[in-house]
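Enquirer: Got a structure here, written out as structure tokens. Questions coming.
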Amino acid sequence: MSGFNVMVVAEKELLESMRSRWLITFTIIFGLLALLISFFGLSGMGVGGYQGFNRVTASLLNLVLYLLPLIALVIGSSTIAGEKEVGSLHVLLTQPVSKSEVIIGKFLGLGFALMASILAGFGSAGVVIAWKTGTLNILDYLAFVILSIVLTLIFLSMSLLISVVTTRRSQAVALAILVWFFTILVYDFLAIGIASLQQVTVVVPLLLTLLLLNPADMVRVLVILKLGGEETFGPTLAALTRMMGSGSGELLLGMVLLLWLFGPLALSVWLFSRKQDY
């Protein structure tokens with residue numbers, strides 16, 4: 001694999017993404033929402049310091065969990081499937097570039113574009129938070145931003161897999177939205193239903209399994225633990241919170257998140273390399 005070819009594909013994808021109306025609209029909306037949540041959240045509550053930082057970050061977490069996976073899935077799922085549909089993928093593959101270089105290059109290009117948009121949005125919110133609560137929370141805020149970027153890249157990795165296995169842009173986007181609906185909305189209702197069970201010895205293993213099968217929930221847990229908001233989980237989930245709050249628990253979540261990041265990407269490379277009908 002040639003690093004030069006990967007960067008050429010990544011640069012092409014990055015430039016095309018920066019001209020995309022989807023990405024421009026997302027950047028504006030995300031930036032405005034993050035800014036408004038930070039400003040009016042801190043002003044309305046009238047609290048500062050670490051307490052104010054925790055409350056605003058918890059509000060920003062909801063924005064991250066709903067919006068970032070959706071935009072990553074929609075943008076990523078359109079790339080390979082869209083080029084298949086219009087025929088430009090065949091032209092790209094006639095160039096001296098391998099299929100694995102195409103997938104990795106597209107992932108890097110789209111990833112850089114999404115990271116730039118996220119950092120722009122969080123930059124404005126960070127200025128407001130630092131102004132209202134002080135700069136002592138900067139490391140916690142950076143950890144939150146990094147986890148948000150990791151979550152976005154995970155769903156981008158999943159979206160490329162969707163794009164590889166589908167043949168039309170509309171089909172890919174529909175499947176991507178279905179994945180978002182299940183992982184972000186339906187999954188929570190399933191977890192709430194299990195949490196309502198009375199037997200803790202049964203509930204905790206089931207919830208831990210569900211947690212590891214959903215990267216969005218893992219990021220949610222890591223952020224809440226980082227903020228010291230374990231009580232957010234409620235009494236039924238106290239055992240699970242203690243387990244994840246330990247150093248080994250956070251390490252486990254981090255390792256599984258890396259599997260979620262590189263697993264779908266590796267599978268995309270493998271499937272794309274095996275297909276001959278481009």
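If you're wondering about the labels, chains in the structure tokens are A, B, ... by order shown, residues count from 1 in each chain, ligands from 1 in order shown.
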Contacts of Met18 in chain A at 8 Å or less, counting only C-alpha atoms, minus same-chain residues fewer than 5 places along, as a list in words?
Expert: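 Close residues of Met18 in chain A: Leu23, Ile24 and Ala113 of chain A.
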Enquirer: Could you list, as a list in words, every residue within 12 Å of Glu101 in chain A, counting only C-alpha atoms and ignoring same-chain residues fewer than 6 positions away?
Expert: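 Surrounding residues, per the criterion: Met1, Ser2, Gly3, Phe4, Asn5, Val6, Met7, Val8, Val9, Ala10, Leu92, Leu93, Gln95, Phe107, Leu108, Gly109, Leu265, Ala266, Ser268, Val269, Trp270, Phe272 and Ser273 of chain A.
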Enquirer: Just the selected residues (N, CA, C and O atoms), exported as a PDB file, in the first residue's frame, please.
Expert:
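Output below, filename out02.pdb:
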```pdb
ATOM      1  N   MET A   1       0.846  -1.201   0.000  1.00  0.00           N
ATOM      2  CA  MET A   1       0.000   0.000   0.000  1.00  0.00           C
ATOM      3  C   MET A   1       0.876   1.243   0.000  1.00  0.00           C
ATOM      4  O   MET A   1       1.830   1.326   0.762  1.00  0.00           O
ATOM      5  N   SER A   2       0.555   2.187  -0.865  1.00  0.00           N
ATOM      6  CA  SER A   2       1.337   3.409  -0.986  1.00  0.00           C
ATOM      7  C   SER A   2       0.703   4.530  -0.163  1.00  0.00           C
ATOM      8  O   SER A   2      -0.477   4.862  -0.357  1.00  0.00           O
ATOM      9  N   GLY A   3       1.504   5.080   0.757  1.00  0.00           N
ATOM     10  CA  GLY A   3       1.007   6.202   1.548  1.00  0.00           C
ATOM     11  C   GLY A   3       0.708   7.419   0.688  1.00  0.00           C
ATOM     12  O   GLY A   3      -0.222   8.190   0.969  1.00  0.00           O
ATOM     13  N   PHE A   4       1.488   7.580  -0.403  1.00  0.00           N
ATOM     14  CA  PHE A   4       1.256   8.717  -1.300  1.00  0.00           C
ATOM     15  C   PHE A   4      -0.111   8.608  -1.963  1.00  0.00           C
ATOM     16  O   PHE A   4      -0.857   9.590  -2.033  1.00  0.00           O
ATOM     17  N   ASN A   5      -0.454   7.401  -2.455  1.00  0.00           N
ATOM     18  CA  ASN A   5      -1.754   7.211  -3.099  1.00  0.00           C
ATOM     19  C   ASN A   5      -2.901   7.448  -2.111  1.00  0.00           C
ATOM     20  O   ASN A   5      -3.936   8.025  -2.464  1.00  0.00           O
ATOM     21  N   VAL A   6      -2.713   6.972  -0.889  1.00  0.00           N
ATOM     22  CA  VAL A   6      -3.735   7.176   0.140  1.00  0.00           C
ATOM     23  C   VAL A   6      -3.963   8.664   0.370  1.00  0.00           C
ATOM     24  O   VAL A   6      -5.115   9.130   0.446  1.00  0.00           O
ATOM     25  N   MET A   7      -2.901   9.435   0.475  1.00  0.00           N
ATOM     26  CA  MET A   7      -3.037  10.863   0.729  1.00  0.00           C
ATOM     27  C   MET A   7      -3.626  11.603  -0.466  1.00  0.00           C
ATOM     28  O   MET A   7      -4.344  12.592  -0.298  1.00  0.00           O
ATOM     29  N   VAL A   8      -3.352  11.124  -1.686  1.00  0.00           N
ATOM     30  CA  VAL A   8      -3.955  11.738  -2.877  1.00  0.00           C
ATOM     31  C   VAL A   8      -5.472  11.545  -2.850  1.00  0.00           C
ATOM     32  O   VAL A   8      -6.242  12.492  -3.095  1.00  0.00           O
ATOM     33  N   VAL A   9      -5.906  10.312  -2.550  1.00  0.00           N
ATOM     34  CA  VAL A   9      -7.345  10.049  -2.452  1.00  0.00           C
ATOM     35  C   VAL A   9      -7.956  10.843  -1.301  1.00  0.00           C
ATOM     36  O   VAL A   9      -9.052  11.406  -1.416  1.00  0.00           O
ATOM     37  N   ALA A  10      -7.242  10.908  -0.177  1.00  0.00           N
ATOM     38  CA  ALA A  10      -7.735  11.648   0.986  1.00  0.00           C
ATOM     39  C   ALA A  10      -7.885  13.133   0.669  1.00  0.00           C
ATOM     40  O   ALA A  10      -8.885  13.765   1.050  1.00  0.00           O
ATOM     41  N   LEU A  92     -12.020   6.093 -11.213  1.00  0.00           N
ATOM     42  CA  LEU A  92     -11.015   6.186 -10.154  1.00  0.00           C
ATOM     43  C   LEU A  92     -10.170   4.923 -10.085  1.00  0.00           C
ATOM     44  O   LEU A  92      -8.948   4.980  -9.921  1.00  0.00           O
ATOM     45  N   LEU A  93     -10.819   3.767 -10.238  1.00  0.00           N
ATOM     46  CA  LEU A  93     -10.107   2.501 -10.115  1.00  0.00           C
ATOM     47  C   LEU A  93      -9.243   2.173 -11.332  1.00  0.00           C
ATOM     48  O   LEU A  93      -8.438   1.243 -11.286  1.00  0.00           O
ATOM     49  N   GLN A  95      -7.109   4.268 -12.309  1.00  0.00           N
ATOM     50  CA  GLN A  95      -5.859   4.944 -11.961  1.00  0.00           C
ATOM     51  C   GLN A  95      -4.957   3.976 -11.185  1.00  0.00           C
ATOM     52  O   GLN A  95      -5.421   2.952 -10.677  1.00  0.00           O
ATOM     53  N   PHE A 107     -11.685   7.400   3.917  1.00  0.00           N
ATOM     54  CA  PHE A 107     -11.913   7.503   5.364  1.00  0.00           C
ATOM     55  C   PHE A 107     -11.132   8.679   5.953  1.00  0.00           C
ATOM     56  O   PHE A 107     -11.672   9.465   6.744  1.00  0.00           O
ATOM     57  N   LEU A 108      -9.871   8.811   5.563  1.00  0.00           N
ATOM     58  CA  LEU A 108      -9.052   9.902   6.093  1.00  0.00           C
ATOM     59  C   LEU A 108      -9.569  11.261   5.623  1.00  0.00           C
ATOM     60  O   LEU A 108      -9.646  12.213   6.409  1.00  0.00           O
ATOM     61  N   GLY A 109      -9.917  11.358   4.335  1.00  0.00           N
ATOM     62  CA  GLY A 109     -10.400  12.639   3.816  1.00  0.00           C
ATOM     63  C   GLY A 109     -11.681  13.085   4.483  1.00  0.00           C
ATOM     64  O   GLY A 109     -11.810  14.238   4.923  1.00  0.00           O
ATOM     65  N   LEU A 265     -13.904  -0.636   9.282  1.00  0.00           N
ATOM     66  CA  LEU A 265     -13.014  -0.138   8.230  1.00  0.00           C
ATOM     67  C   LEU A 265     -12.251  -1.295   7.583  1.00  0.00           C
ATOM     68  O   LEU A 265     -12.133  -1.367   6.350  1.00  0.00           O
ATOM     69  N   ALA A 266     -11.729  -2.206   8.397  1.00  0.00           N
ATOM     70  CA  ALA A 266     -11.009  -3.366   7.860  1.00  0.00           C
ATOM     71  C   ALA A 266     -11.939  -4.256   7.043  1.00  0.00           C
ATOM     72  O   ALA A 266     -11.557  -4.762   5.981  1.00  0.00           O
ATOM     73  N   SER A 268     -14.591  -3.242   5.455  1.00  0.00           N
ATOM     74  CA  SER A 268     -14.858  -2.504   4.217  1.00  0.00           C
ATOM     75  C   SER A 268     -13.746  -2.719   3.196  1.00  0.00           C
ATOM     76  O   SER A 268     -14.007  -2.948   2.003  1.00  0.00           O
ATOM     77  N   VAL A 269     -12.498  -2.648   3.659  1.00  0.00           N
ATOM     78  CA  VAL A 269     -11.344  -2.869   2.773  1.00  0.00           C
ATOM     79  C   VAL A 269     -11.396  -4.276   2.199  1.00  0.00           C
ATOM     80  O   VAL A 269     -11.187  -4.486   0.987  1.00  0.00           O
ATOM     81  N   TRP A 270     -11.683  -5.262   3.033  1.00  0.00           N
ATOM     82  CA  TRP A 270     -11.703  -6.658   2.589  1.00  0.00           C
ATOM     83  C   TRP A 270     -12.805  -6.899   1.559  1.00  0.00           C
ATOM     84  O   TRP A 270     -12.566  -7.497   0.504  1.00  0.00           O
ATOM     85  N   PHE A 272     -14.450  -4.656  -0.284  1.00  0.00           N
ATOM     86  CA  PHE A 272     -14.241  -3.835  -1.481  1.00  0.00           C
ATOM     87  C   PHE A 272     -13.160  -4.434  -2.375  1.00  0.00           C
ATOM     88  O   PHE A 272     -13.258  -4.396  -3.602  1.00  0.00           O
ATOM     89  N   SER A 273     -12.128  -5.005  -1.767  1.00  0.00           N
ATOM     90  CA  SER A 273     -11.045  -5.602  -2.532  1.00  0.00           C
ATOM     91  C   SER A 273     -11.472  -6.880  -3.251  1.00  0.00           C
ATOM     92  O   SER A 273     -10.923  -7.223  -4.297  1.00  0.00           O
TER      93      SER A 273
END
```
Enquirer: Please compute the CA of Ala130 in chain A-CA of Ser38 in chain A distance, one decimal, in Å.
Expert: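 Here the two named atoms are 10.1 Å from each other.
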Enquirer: Running DSSP on the backbone, which parts of range 176-220 of chain A land in alpha helix (DSSP H), as an MDAnalysis selection string?
Expert: chainID A and resid 176:180 187:195 200:212 215:220
Enquirer: Write to file, as a PDB file, in the first residue's frame, the residues of the selection just made, with C-alpha atoms.
Expert:
```
ATOM      1  CA  ALA A 176     -27.474   4.565   7.297  1.00  0.00           C
ATOM      2  CA  ILE A 177     -30.499   6.335   8.783  1.00  0.00           C
ATOM      3  CA  LEU A 178     -31.882   2.964   9.891  1.00  0.00           C
ATOM      4  CA  VAL A 179     -28.591   2.209  11.672  1.00  0.00           C
ATOM      5  CA  TRP A 180     -28.708   5.631  13.358  1.00  0.00           C
ATOM      6  CA  TYR A 187     -31.195   0.952  21.778  1.00  0.00           C
ATOM      7  CA  ASP A 188     -31.892   3.296  24.697  1.00  0.00           C
ATOM      8  CA  PHE A 189     -35.452   2.031  25.086  1.00  0.00           C
ATOM      9  CA  LEU A 190     -34.130  -1.531  25.122  1.00  0.00           C
ATOM     10  CA  ALA A 191     -31.594  -0.613  27.829  1.00  0.00           C
ATOM     11  CA  ILE A 192     -34.292   1.134  29.886  1.00  0.00           C
ATOM     12  CA  GLY A 193     -36.478  -1.949  29.665  1.00  0.00           C
ATOM     13  CA  ILE A 194     -33.673  -4.210  30.888  1.00  0.00           C
ATOM     14  CA  ALA A 195     -32.749  -1.745  33.647  1.00  0.00           C
ATOM     15  CA  VAL A 200     -29.369  -7.096  39.536  1.00  0.00           C
ATOM     16  CA  THR A 201     -27.300 -10.222  38.863  1.00  0.00           C
ATOM     17  CA  VAL A 202     -29.102 -10.558  35.521  1.00  0.00           C
ATOM     18  CA  VAL A 203     -29.428  -6.860  34.703  1.00  0.00           C
ATOM     19  CA  VAL A 204     -25.767  -5.889  35.011  1.00  0.00           C
ATOM     20  CA  PRO A 205     -24.351  -8.529  32.588  1.00  0.00           C
ATOM     21  CA  LEU A 206     -27.106  -7.765  30.067  1.00  0.00           C
ATOM     22  CA  LEU A 207     -26.506  -4.020  30.290  1.00  0.00           C
ATOM     23  CA  LEU A 208     -22.751  -4.516  30.005  1.00  0.00           C
ATOM     24  CA  THR A 209     -23.283  -6.574  26.844  1.00  0.00           C
ATOM     25  CA  LEU A 210     -25.582  -3.925  25.382  1.00  0.00           C
ATOM     26  CA  LEU A 211     -23.082  -1.249  26.337  1.00  0.00           C
ATOM     27  CA  LEU A 212     -20.198  -2.918  24.507  1.00  0.00           C
ATOM     28  CA  PRO A 215     -20.278   2.769  20.673  1.00  0.00           C
ATOM     29  CA  ALA A 216     -22.637   5.688  21.325  1.00  0.00           C
ATOM     30  CA  ASP A 217     -23.533   4.317  24.743  1.00  0.00           C
ATOM     31  CA  MET A 218     -19.873   3.663  25.534  1.00  0.00           C
ATOM     32  CA  VAL A 219     -19.015   7.293  24.797  1.00  0.00           C
ATOM     33  CA  ARG A 220     -21.991   8.411  26.892  1.00  0.00           C
TER      34      ARG A 220
END
```
Enquirer: Have a look at A:Ser98, A:Trp131, A:Phe182, A:Glu250 and name the one nearest to Ile224 in chain A; count only C-alpha atoms.
Expert: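 The answer is A:Glu250, which sits nearest to Ile224 in chain A.
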Enquirer: So, counting only C-alpha atoms, which residue among A:Val97, A:Leu67, A:Ala125, A:Leu259 is closest to Leu142 in chain A?
Expert: A:Ala125
Enquirer: Using only C-alpha atoms, tabulate the residues of range 83-126 of chain A lying at most 8 Å from any atom of range 154-174 of chain A, each with its closest atom pair and that distance in Å to one decimal, by chain and increasing residue number, as JSON lines.
Expert:
```
{"residue": "A:Lys84", "atom": "CA", "partner": "A:Thr167", "partner_atom": "CA", "distance": 6.5}
{"residue": "A:Glu85", "atom": "CA", "partner": "A:Arg168", "partner_atom": "CA", "distance": 5.6}
{"residue": "A:Ile103", "atom": "CA", "partner": "A:Leu160", "partner_atom": "CA", "distance": 7.8}
{"residue": "A:Phe107", "atom": "CA", "partner": "A:Ser157", "partner_atom": "CA", "distance": 7.1}
{"residue": "A:Gly111", "atom": "CA", "partner": "A:Leu156", "partner_atom": "CA", "distance": 7.4}
```
Enquirer: So that I can see what lies close to Pro69 in chain A, please list as a PyMOL selection string the residues with an atom at most 8 Å from it, counting only C-alpha atoms and leaving out residues fewer than 3 positions away in the same chain.
Expert: chain A and resi 64-66+72-73+151-152+155-156+180
Enquirer: Do a neighbour search on Gly123 in chain A at 10 Å with only C-alpha atoms, toss out local chain neighbours closer than 6 positions, and write the hits as an MDAnalysis selection string.
Expert: chainID A and resid 31 34:35 117 129 145
Enquirer: With only C-alpha atoms as the atoms that count, which of A:Val223, A:Leu258, A:Leu15, A:Leu36 lies nearest to Ala143 in chain A?
Expert: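 Using only C-alpha atoms, Ala143 in chain A sits closest to A:Val223.
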Enquirer: Could you check how far CA of Gly76 in chain A sits from CA of Leu114 in chain A, in Å to one decimal?
Expert: 10.3 Å
Enquirer: Quick one, how far is CA of Leu153 in chain A from CA of Leu213 in chain A?
Expert: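 Pair CA of Leu153 in chain A / CA of Leu213 in chain A returns 16.2 Å.
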